[in-house]
>>> print(open('entry01.pdb').read())   # PDB, C-alpha atoms
MODEL        1
ATOM      1  CA  MET A  26      14.910 218.471  45.741  1.00  0.00           C
ATOM      2  CA  LYS A  27      13.380 215.052  45.903  1.00  0.00           C
ATOM      3  CA  LYS A  28      15.102 214.076  42.686  1.00  0.00           C
ATOM      4  CA  MET A  29      18.397 215.410  43.956  1.00  0.00           C
ATOM      5  CA  LEU A  30      18.009 213.266  47.039  1.00  0.00           C
ATOM      6  CA  PHE A  31      17.214 210.296  44.874  1.00  0.00           C
ATOM      7  CA  SER A  32      20.295 210.717  42.748  1.00  0.00           C
ATOM      8  CA  LEU A  33      22.452 211.102  45.838  1.00  0.00           C
ATOM      9  CA  LEU A  34      20.978 207.889  47.176  1.00  0.00           C
ATOM     10  CA  LEU A  35      21.673 206.209  43.862  1.00  0.00           C
ATOM     11  CA  ILE A  36      25.296 207.339  43.915  1.00  0.00           C
ATOM     12  CA  GLY A  37      25.656 206.225  47.506  1.00  0.00           C
ATOM     13  CA  ALA A  38      24.298 202.784  46.724  1.00  0.00           C
ATOM     14  CA  MET A  39      26.697 202.414  43.815  1.00  0.00           C
ATOM     15  CA  PHE A  40      29.711 203.366  45.879  1.00  0.00           C
ATOM     16  CA  ALA A  41      28.608 200.988  48.600  1.00  0.00           C
ATOM     17  CA  SER A  42      28.418 198.109  46.141  1.00  0.00           C
ATOM     18  CA  GLN A  43      31.899 199.013  44.935  1.00  0.00           C
ATOM     19  CA  ILE A  44      33.295 198.798  48.456  1.00  0.00           C
ATOM     20  CA  VAL A  45      31.649 195.426  48.983  1.00  0.00           C
ATOM     21  CA  VAL A  46      33.270 194.099  45.802  1.00  0.00           C
ATOM     22  CA  ALA A  47      36.677 195.485  46.782  1.00  0.00           C
ATOM     23  CA  ALA A  48      36.609 194.029  50.289  1.00  0.00           C
ATOM     24  CA  ALA A  49      35.308 190.600  49.346  1.00  0.00           C
ATOM     25  CA  ASP A  50      37.437 187.545  49.944  1.00  0.00           C
ATOM     26  CA  LEU A  51      37.727 184.835  47.372  1.00  0.00           C
ATOM     27  CA  GLU A  52      35.430 181.893  47.956  1.00  0.00           C
ATOM     28  CA  VAL A  53      37.526 178.807  48.684  1.00  0.00           C
ATOM     29  CA  ASN A  54      35.177 176.752  50.844  1.00  0.00           C
ATOM     30  CA  THR A  55      33.188 174.940  48.187  1.00  0.00           C
ATOM     31  CA  PRO A  56      32.883 171.129  48.364  1.00  0.00           C
ATOM     32  CA  ALA A  57      34.855 170.784  45.112  1.00  0.00           C
ATOM     33  CA  ILE A  58      37.769 172.855  46.418  1.00  0.00           C
ATOM     34  CA  SER A  59      37.764 171.002  49.744  1.00  0.00           C
ATOM     35  CA  ALA A  60      37.878 167.676  47.915  1.00  0.00           C
ATOM     36  CA  ILE A  61      40.868 168.716  45.787  1.00  0.00           C
ATOM     37  CA  LYS A  62      42.576 170.112  48.866  1.00  0.00           C
ATOM     38  CA  GLY A  63      42.050 166.855  50.730  1.00  0.00           C
ATOM     39  CA  SER A  64      43.497 164.833  47.895  1.00  0.00           C
ATOM     40  CA  MET A  65      46.545 167.123  47.695  1.00  0.00           C
ATOM     41  CA  GLN A  66      46.940 167.011  51.462  1.00  0.00           C
ATOM     42  CA  SER A  67      47.157 163.220  51.523  1.00  0.00           C
ATOM     43  CA  ARG A  68      49.494 163.177  48.518  1.00  0.00           C
ATOM     44  CA  HIS A  69      51.827 165.596  50.255  1.00  0.00           C
ATOM     45  CA  ALA A  70      53.133 162.793  52.488  1.00  0.00           C
ATOM     46  CA  GLN A  71      54.387 161.076  49.336  1.00  0.00           C
ATOM     47  CA  LEU A  72      55.787 164.213  47.771  1.00  0.00           C
ATOM     48  CA  ALA A  73      57.538 165.751  50.795  1.00  0.00           C
ATOM     49  CA  PRO A  74      60.562 163.377  50.739  1.00  0.00           C
ATOM     50  CA  HIS A  75      60.977 164.081  47.022  1.00  0.00           C
ATOM     51  CA  TYR A  76      60.935 167.838  47.608  1.00  0.00           C
ATOM     52  CA  ALA A  77      63.607 167.340  50.263  1.00  0.00           C
ATOM     53  CA  SER A  78      65.799 165.109  48.071  1.00  0.00           C
ATOM     54  CA  GLY A  79      65.490 167.445  45.106  1.00  0.00           C
ATOM     55  CA  ALA A  80      63.857 164.809  42.920  1.00  0.00           C
ATOM     56  CA  VAL A  81      60.827 167.063  42.624  1.00  0.00           C
ATOM     57  CA  GLY A  82      60.837 170.842  42.527  1.00  0.00           C
ATOM     58  CA  LEU A  83      58.266 173.621  42.556  1.00  0.00           C
ATOM     59  CA  THR A  84      57.944 175.294  39.179  1.00  0.00           C
ATOM     60  CA  ASN A  85      57.445 178.999  38.628  1.00  0.00           C
ATOM     61  CA  ASP A  86      54.035 178.340  37.102  1.00  0.00           C
ATOM     62  CA  GLY A  87      52.467 176.841  40.205  1.00  0.00           C
ATOM     63  CA  MET A  88      53.108 173.210  39.357  1.00  0.00           C
ATOM     64  CA  VAL A  89      55.571 170.526  40.403  1.00  0.00           C
ATOM     65  CA  ALA A  90      58.079 168.808  38.151  1.00  0.00           C
ATOM     66  CA  VAL A  91      60.567 165.952  38.258  1.00  0.00           C
ATOM     67  CA  ARG A  92      63.800 167.878  38.533  1.00  0.00           C
ATOM     68  CA  ASP A  93      66.307 165.119  39.201  1.00  0.00           C
ATOM     69  CA  ALA A  94      65.070 161.616  38.473  1.00  0.00           C
ATOM     70  CA  ASN A  95      68.457 160.231  39.557  1.00  0.00           C
ATOM     71  CA  ALA A  96      67.570 161.093  43.143  1.00  0.00           C
ATOM     72  CA  VAL A  97      65.158 158.157  43.228  1.00  0.00           C
ATOM     73  CA  PRO A  98      65.917 154.477  42.529  1.00  0.00           C
ATOM     74  CA  LEU A  99      65.144 153.354  38.997  1.00  0.00           C
ATOM     75  CA  LYS A 100      62.294 151.118  40.122  1.00  0.00           C
ATOM     76  CA  ASP A 101      60.497 154.027  41.799  1.00  0.00           C
ATOM     77  CA  ARG A 102      60.679 156.439  38.888  1.00  0.00           C
ATOM     78  CA  ALA A 103      57.451 155.377  37.224  1.00  0.00           C
ATOM     79  CA  SER A 104      55.503 155.891  40.434  1.00  0.00           C
ATOM     80  CA  LEU A 105      57.259 159.221  40.964  1.00  0.00           C
ATOM     81  CA  ASN A 106      56.070 160.381  37.554  1.00  0.00           C
ATOM     82  CA  GLY A 107      52.589 159.208  38.436  1.00  0.00           C
ATOM     83  CA  VAL A 108      52.516 161.160  41.688  1.00  0.00           C
ATOM     84  CA  VAL A 109      53.793 164.302  39.964  1.00  0.00           C
ATOM     85  CA  ALA A 110      51.216 163.979  37.185  1.00  0.00           C
ATOM     86  CA  ALA A 111      48.408 163.456  39.711  1.00  0.00           C
ATOM     87  CA  GLU A 112      49.552 166.444  41.747  1.00  0.00           C
ATOM     88  CA  ASN A 113      49.647 168.669  38.673  1.00  0.00           C
ATOM     89  CA  ALA A 114      46.201 167.488  37.609  1.00  0.00           C
ATOM     90  CA  ASP A 115      44.865 168.408  41.061  1.00  0.00           C
ATOM     91  CA  ARG A 116      46.595 171.785  40.974  1.00  0.00           C
ATOM     92  CA  THR A 117      45.108 172.635  37.593  1.00  0.00           C
ATOM     93  CA  LYS A 118      41.690 171.586  38.868  1.00  0.00           C
ATOM     94  CA  LEU A 119      42.188 173.659  42.021  1.00  0.00           C
ATOM     95  CA  TYR A 120      43.052 176.868  40.149  1.00  0.00           C
ATOM     96  CA  LYS A 121      40.166 176.355  37.766  1.00  0.00           C
ATOM     97  CA  GLU A 122      37.745 175.569  40.579  1.00  0.00           C
ATOM     98  CA  ILE A 123      38.667 178.696  42.566  1.00  0.00           C
ATOM     99  CA  ALA A 124      38.159 180.830  39.457  1.00  0.00           C
ATOM    100  CA  THR A 125      34.755 179.333  38.646  1.00  0.00           C
ATOM    101  CA  ALA A 126      33.628 179.292  42.304  1.00  0.00           C
ATOM    102  CA  ASN A 127      34.109 183.055  42.278  1.00  0.00           C
ATOM    103  CA  GLY A 128      32.246 183.521  39.020  1.00  0.00           C
ATOM    104  CA  HIS A 129      35.333 184.449  37.016  1.00  0.00           C
ATOM    105  CA  PRO A 130      36.696 181.504  35.028  1.00  0.00           C
ATOM    106  CA  GLU A 131      39.005 183.984  33.285  1.00  0.00           C
ATOM    107  CA  TRP A 132      40.893 184.478  36.570  1.00  0.00           C
ATOM    108  CA  GLN A 133      42.364 180.960  36.401  1.00  0.00           C
ATOM    109  CA  ALA A 134      45.745 182.018  35.013  1.00  0.00           C
ATOM    110  CA  GLU A 135      46.137 184.821  37.522  1.00  0.00           C
ATOM    111  CA  ILE A 136      45.146 182.559  40.401  1.00  0.00           C
ATOM    112  CA  GLN A 137      47.713 180.060  39.178  1.00  0.00           C
ATOM    113  CA  SER A 138      50.487 182.646  39.086  1.00  0.00           C
ATOM    114  CA  THR A 139      49.509 183.906  42.557  1.00  0.00           C
ATOM    115  CA  PHE A 140      49.764 180.349  43.853  1.00  0.00           C
ATOM    116  CA  ALA A 141      53.092 179.878  42.061  1.00  0.00           C
ATOM    117  CA  THR A 142      54.635 182.702  44.084  1.00  0.00           C
ATOM    118  CA  ARG A 143      53.068 181.586  47.357  1.00  0.00           C
ATOM    119  CA  TRP A 144      54.051 177.901  46.995  1.00  0.00           C
ATOM    120  CA  ILE A 145      57.651 178.999  46.452  1.00  0.00           C
ATOM    121  CA  ASP A 146      57.569 181.537  49.303  1.00  0.00           C
ATOM    122  CA  LYS A 147      56.254 178.922  51.696  1.00  0.00           C
ATOM    123  CA  ALA A 148      58.533 176.098  50.537  1.00  0.00           C
ATOM    124  CA  GLN A 149      60.831 174.690  53.184  1.00  0.00           C
ATOM    125  CA  GLY A 150      64.555 175.338  53.192  1.00  0.00           C
ATOM    126  CA  GLY A 151      66.354 172.742  51.095  1.00  0.00           C
ATOM    127  CA  TRP A 152      63.531 172.331  48.585  1.00  0.00           C
ATOM    128  CA  TRP A 153      64.171 173.153  44.959  1.00  0.00           C
ATOM    129  CA  VAL A 154      62.238 175.981  43.393  1.00  0.00           C
ATOM    130  CA  GLN A 155      62.243 177.357  39.886  1.00  0.00           C
ATOM    131  CA  GLY A 156      63.196 180.990  39.464  1.00  0.00           C
ATOM    132  CA  ALA A 157      63.597 183.084  36.334  1.00  0.00           C
ATOM    133  CA  GLY A 158      67.139 181.732  35.903  1.00  0.00           C
ATOM    134  CA  GLY A 159      66.377 178.076  36.541  1.00  0.00           C
ATOM    135  CA  TRP A 160      66.331 175.772  39.576  1.00  0.00           C
ATOM    136  CA  THR A 161      67.619 176.983  42.901  1.00  0.00           C
ATOM    137  CA  LYS A 162      67.774 175.380  46.310  1.00  0.00           C
ATOM    138  CA  LYS A 163      65.962 177.352  48.977  1.00  0.00           C
TER     139      LYS A 163
ATOM    140  CA  MET B  16      14.914 217.997  34.632  1.00  0.00           C
ATOM    141  CA  LYS B  17      18.551 218.942  34.941  1.00  0.00           C
ATOM    142  CA  ASN B  18      18.904 216.858  38.065  1.00  0.00           C
ATOM    143  CA  TRP B  19      17.475 213.939  36.238  1.00  0.00           C
ATOM    144  CA  SER B  20      20.004 214.170  33.444  1.00  0.00           C
ATOM    145  CA  ILE B  21      22.828 214.359  35.982  1.00  0.00           C
ATOM    146  CA  ALA B  22      21.467 211.293  37.731  1.00  0.00           C
ATOM    147  CA  LEU B  23      21.156 209.496  34.408  1.00  0.00           C
ATOM    148  CA  VAL B  24      24.724 210.310  33.396  1.00  0.00           C
ATOM    149  CA  LEU B  25      26.035 209.151  36.759  1.00  0.00           C
ATOM    150  CA  ALA B  26      23.917 206.031  36.617  1.00  0.00           C
ATOM    151  CA  CYS B  27      25.583 205.194  33.322  1.00  0.00           C
ATOM    152  CA  ALA B  28      29.088 206.204  34.367  1.00  0.00           C
ATOM    153  CA  LEU B  29      29.303 204.604  37.805  1.00  0.00           C
ATOM    154  CA  PRO B  30      28.843 200.985  36.768  1.00  0.00           C
ATOM    155  CA  ALA B  31      32.028 201.552  34.754  1.00  0.00           C
ATOM    156  CA  CYS B  32      33.845 202.218  38.031  1.00  0.00           C
ATOM    157  CA  VAL B  33      32.359 199.037  39.455  1.00  0.00           C
ATOM    158  CA  THR B  34      33.638 197.165  36.420  1.00  0.00           C
ATOM    159  CA  ILE B  35      37.176 198.237  37.308  1.00  0.00           C
ATOM    160  CA  ASN B  36      36.796 196.291  40.539  1.00  0.00           C
ATOM    161  CA  ILE B  37      36.014 193.166  38.565  1.00  0.00           C
ATOM    162  CA  TYR B  38      39.724 193.103  37.780  1.00  0.00           C
ATOM    163  CA  PHE B  39      41.602 190.347  39.504  1.00  0.00           C
ATOM    164  CA  PRO B  40      41.647 190.862  43.314  1.00  0.00           C
ATOM    165  CA  ALA B  41      45.337 190.120  43.851  1.00  0.00           C
ATOM    166  CA  ALA B  42      45.355 190.586  47.637  1.00  0.00           C
ATOM    167  CA  ALA B  43      42.335 188.358  48.164  1.00  0.00           C
ATOM    168  CA  ALA B  44      43.847 185.722  45.894  1.00  0.00           C
ATOM    169  CA  GLU B  45      47.066 185.780  47.867  1.00  0.00           C
ATOM    170  CA  LYS B  46      45.142 185.337  51.090  1.00  0.00           C
ATOM    171  CA  ALA B  47      43.188 182.449  49.623  1.00  0.00           C
ATOM    172  CA  ALA B  48      46.387 180.849  48.307  1.00  0.00           C
ATOM    173  CA  ASP B  49      48.055 181.113  51.720  1.00  0.00           C
ATOM    174  CA  LYS B  50      45.094 179.479  53.390  1.00  0.00           C
ATOM    175  CA  ILE B  51      45.009 176.579  50.956  1.00  0.00           C
ATOM    176  CA  ILE B  52      48.779 176.055  50.996  1.00  0.00           C
ATOM    177  CA  ASP B  53      48.789 176.054  54.812  1.00  0.00           C
ATOM    178  CA  ASP B  54      46.120 173.359  54.706  1.00  0.00           C
ATOM    179  CA  VAL B  55      47.756 171.230  52.023  1.00  0.00           C
ATOM    180  CA  TRP B  56      51.220 171.421  53.573  1.00  0.00           C
ATOM    181  CA  GLN B  57      49.766 171.474  57.102  1.00  0.00           C
ATOM    182  CA  LEU B  58      51.928 174.395  58.061  1.00  0.00           C
ATOM    183  CA  LYS B  59      49.746 175.599  60.923  1.00  0.00           C
ATOM    184  CA  ASN B  60      48.944 172.273  62.480  1.00  0.00           C
ATOM    185  CA  GLY B  61      49.961 173.127  66.031  1.00  0.00           C
ATOM    186  CA  ALA B  62      48.106 176.427  66.248  1.00  0.00           C
ATOM    187  CA  GLU B  63      44.753 175.408  64.850  1.00  0.00           C
ATOM    188  CA  LYS B  64      43.202 172.443  63.183  1.00  0.00           C
ATOM    189  CA  PRO B  65      42.406 173.196  59.565  1.00  0.00           C
ATOM    190  CA  SER B  66      38.663 173.024  59.201  1.00  0.00           C
ATOM    191  CA  ALA B  67      36.217 173.673  56.416  1.00  0.00           C
ATOM    192  CA  ASN B  68      33.903 175.307  58.933  1.00  0.00           C
ATOM    193  CA  THR B  69      36.344 177.966  60.065  1.00  0.00           C
ATOM    194  CA  VAL B  70      34.593 181.313  60.187  1.00  0.00           C
ATOM    195  CA  GLU B  71      36.505 183.877  58.220  1.00  0.00           C
ATOM    196  CA  PRO B  72      37.222 187.206  59.874  1.00  0.00           C
ATOM    197  CA  GLN B  73      35.727 189.985  57.849  1.00  0.00           C
TER     198      GLN B  73
ENDMDL
END
>>> encode(input="entry01.pdb", output="structure tokens")
Amino acid sequence: MKKMLFSLLLIGAMFASQIVVAAADLEVNTPAISAIKGSMQSRHAQLAPHYASGAVGLTNDGMVAVRDANAVPLKDRASLNGVVAAENADRTKLYKEIATANGHPEWQAEIQSTFATRWIDKAQGGWWVQGAGGWTKK
Amino acid sequence: MKNWSIALVLACALPACVTINIYFPAAAAEKAADKIIDDVWQLKNGAEKPSANTVEPQ
């Protein structure tokens, strides 16, 4: 009887741990993630006009890309490329950091594709987003 | 003795169920993505100031 009770307790504990795992949120409040977020937040002021003009679009893999370089004056194109490259570097770091902060580096690709959908869903009207069939204006 | 073997079998089998939960938590990831995107794009500026110290509702 005692052993029966013990095994029941064991089973109960295992189910409880399962529920805890299932209900857990992803950890996104680490210093590294906050730093990347801050850097992206301040860069957004530079990127927002380019999203609106269509010079830069949101790709379907959770990145940004120069979609129409003609939308910016020739002299500004180099800096545009720089901003896009910096943003993509931060995004890659962000996805990687979230995966490692949660103890699953192998989740990076899935986190990236989750973000890809959410960036596009939350994009403002008029911004260009990449769908399966190419660029579309939201 | 029989109880023990049952307990042993379950003890071996149940961690396998737990392993299933190690699969990617899509809903939690979506929630995390929304939170970060709102902060980066400052989409919820009026309602609440984004803060690193915000207590998450469980």
>>> interface_residues(input="entry01.pdb", of="chain B", to="chain A", cutoff="6 Å", atoms="all atoms listed in the file", output="ChimeraX atom specification")
/B:22,33,43,48,55
>>> residues_around(input="entry01.pdb", residues="Ala77 in chain A", least_positions_apart="5", cutoff="8 Å", atoms="all atoms listed in the file", output="list in words")
Gly151, Trp152 and Trp153 of chain A
>>> atom_distance(input="entry01.pdb", atom1="CA of Asn85 in chain A", atom2="CA of Gln155 in chain A")
5.2 Å
>>> atom_distance(input="entry01.pdb", atom1="CA of Ala42 in chain B", atom2="CA of Pro130 in chain A")
17.8 Å
>>> atom_distance(input="entry01.pdb", atom1="CA of Gly156 in chain A", atom2="CA of Thr84 in chain A")
7.8 Å
>>> build_atoms(input="entry01.pdb", residues="range 121-144 of chain A", atoms="N, CA and C atoms", output="mmCIF file, in the frame of the given file")
data_model
loop_
_atom_site.group_PDB
_atom_site.id
_atom_site.type_symbol
_atom_site.label_atom_id
_atom_site.label_comp_id
_atom_site.auth_asym_id
_atom_site.auth_seq_id
_atom_site.Cartn_x
_atom_site.Cartn_y
_atom_site.Cartn_z
ATOM 1 N N LYS A 121 41.361 176.186 38.574
ATOM 2 C CA LYS A 121 40.166 176.355 37.766
ATOM 3 C C LYS A 121 38.927 176.464 38.658
ATOM 4 N N GLU A 122 38.896 175.617 39.680
ATOM 5 C CA GLU A 122 37.745 175.569 40.579
ATOM 6 C C GLU A 122 37.605 176.869 41.374
ATOM 7 N N ILE A 123 38.725 177.429 41.819
ATOM 8 C CA ILE A 123 38.667 178.696 42.566
ATOM 9 C C ILE A 123 38.130 179.792 41.649
ATOM 10 N N ALA A 124 38.611 179.807 40.412
ATOM 11 C CA ALA A 124 38.159 180.830 39.457
ATOM 12 C C ALA A 124 36.658 180.709 39.200
ATOM 13 N N THR A 125 36.183 179.493 38.956
ATOM 14 C CA THR A 125 34.755 179.333 38.646
ATOM 15 C C THR A 125 33.895 179.536 39.890
ATOM 16 N N ALA A 126 34.396 179.115 41.067
ATOM 17 C CA ALA A 126 33.628 179.292 42.304
ATOM 18 C C ALA A 126 33.385 180.771 42.583
ATOM 19 N N ASN A 127 34.258 181.621 42.056
ATOM 20 C CA ASN A 127 34.109 183.055 42.278
ATOM 21 C C ASN A 127 33.479 183.767 41.078
ATOM 22 N N GLY A 128 32.969 182.970 40.153
ATOM 23 C CA GLY A 128 32.246 183.521 39.020
ATOM 24 C C GLY A 128 33.124 184.164 37.962
ATOM 25 N N HIS A 129 34.420 183.873 38.014
ATOM 26 C CA HIS A 129 35.333 184.449 37.016
ATOM 27 C C HIS A 129 36.294 183.393 36.485
ATOM 28 N N PRO A 130 35.816 182.539 35.591
ATOM 29 C CA PRO A 130 36.696 181.504 35.028
ATOM 30 C C PRO A 130 37.955 182.095 34.397
ATOM 31 N N GLU A 131 37.851 183.352 33.952
ATOM 32 C CA GLU A 131 39.005 183.984 33.285
ATOM 33 C C GLU A 131 40.122 184.340 34.276
ATOM 34 N N TRP A 132 39.866 184.186 35.565
ATOM 35 C CA TRP A 132 40.893 184.478 36.570
ATOM 36 C C TRP A 132 41.864 183.313 36.778
ATOM 37 N N GLN A 133 41.586 182.176 36.131
ATOM 38 C CA GLN A 133 42.364 180.960 36.401
ATOM 39 C C GLN A 133 43.879 181.178 36.291
ATOM 40 N N ALA A 134 44.310 181.830 35.220
ATOM 41 C CA ALA A 134 45.745 182.018 35.013
ATOM 42 C C ALA A 134 46.355 182.894 36.105
ATOM 43 N N GLU A 135 45.609 183.927 36.494
ATOM 44 C CA GLU A 135 46.137 184.821 37.522
ATOM 45 C C GLU A 135 46.169 184.138 38.890
ATOM 46 N N ILE A 136 45.159 183.319 39.150
ATOM 47 C CA ILE A 136 45.146 182.559 40.401
ATOM 48 C C ILE A 136 46.339 181.613 40.418
ATOM 49 N N GLN A 137 46.576 180.985 39.280
ATOM 50 C CA GLN A 137 47.713 180.060 39.178
ATOM 51 C C GLN A 137 49.038 180.777 39.447
ATOM 52 N N SER A 138 49.199 181.971 38.890
ATOM 53 C CA SER A 138 50.487 182.646 39.086
ATOM 54 C C SER A 138 50.601 183.184 40.517
ATOM 55 N N THR A 139 49.464 183.524 41.145
ATOM 56 C CA THR A 139 49.509 183.906 42.557
ATOM 57 C C THR A 139 49.958 182.717 43.405
ATOM 58 N N PHE A 140 49.373 181.559 43.124
ATOM 59 C CA PHE A 140 49.764 180.349 43.853
ATOM 60 C C PHE A 140 51.239 180.030 43.620
ATOM 61 N N ALA A 141 51.700 180.195 42.384
ATOM 62 C CA ALA A 141 53.092 179.878 42.061
ATOM 63 C C ALA A 141 54.032 180.607 43.011
ATOM 64 N N THR A 142 53.784 181.908 43.197
ATOM 65 C CA THR A 142 54.635 182.702 44.084
ATOM 66 C C THR A 142 54.514 182.226 45.525
ATOM 67 N N ARG A 143 53.296 181.950 45.959
ATOM 68 C CA ARG A 143 53.068 181.586 47.357
ATOM 69 C C ARG A 143 53.612 180.195 47.678
ATOM 70 N N TRP A 144 53.471 179.230 46.763
ATOM 71 C CA TRP A 144 54.051 177.901 46.995
ATOM 72 C C TRP A 144 55.548 178.064 47.242
#
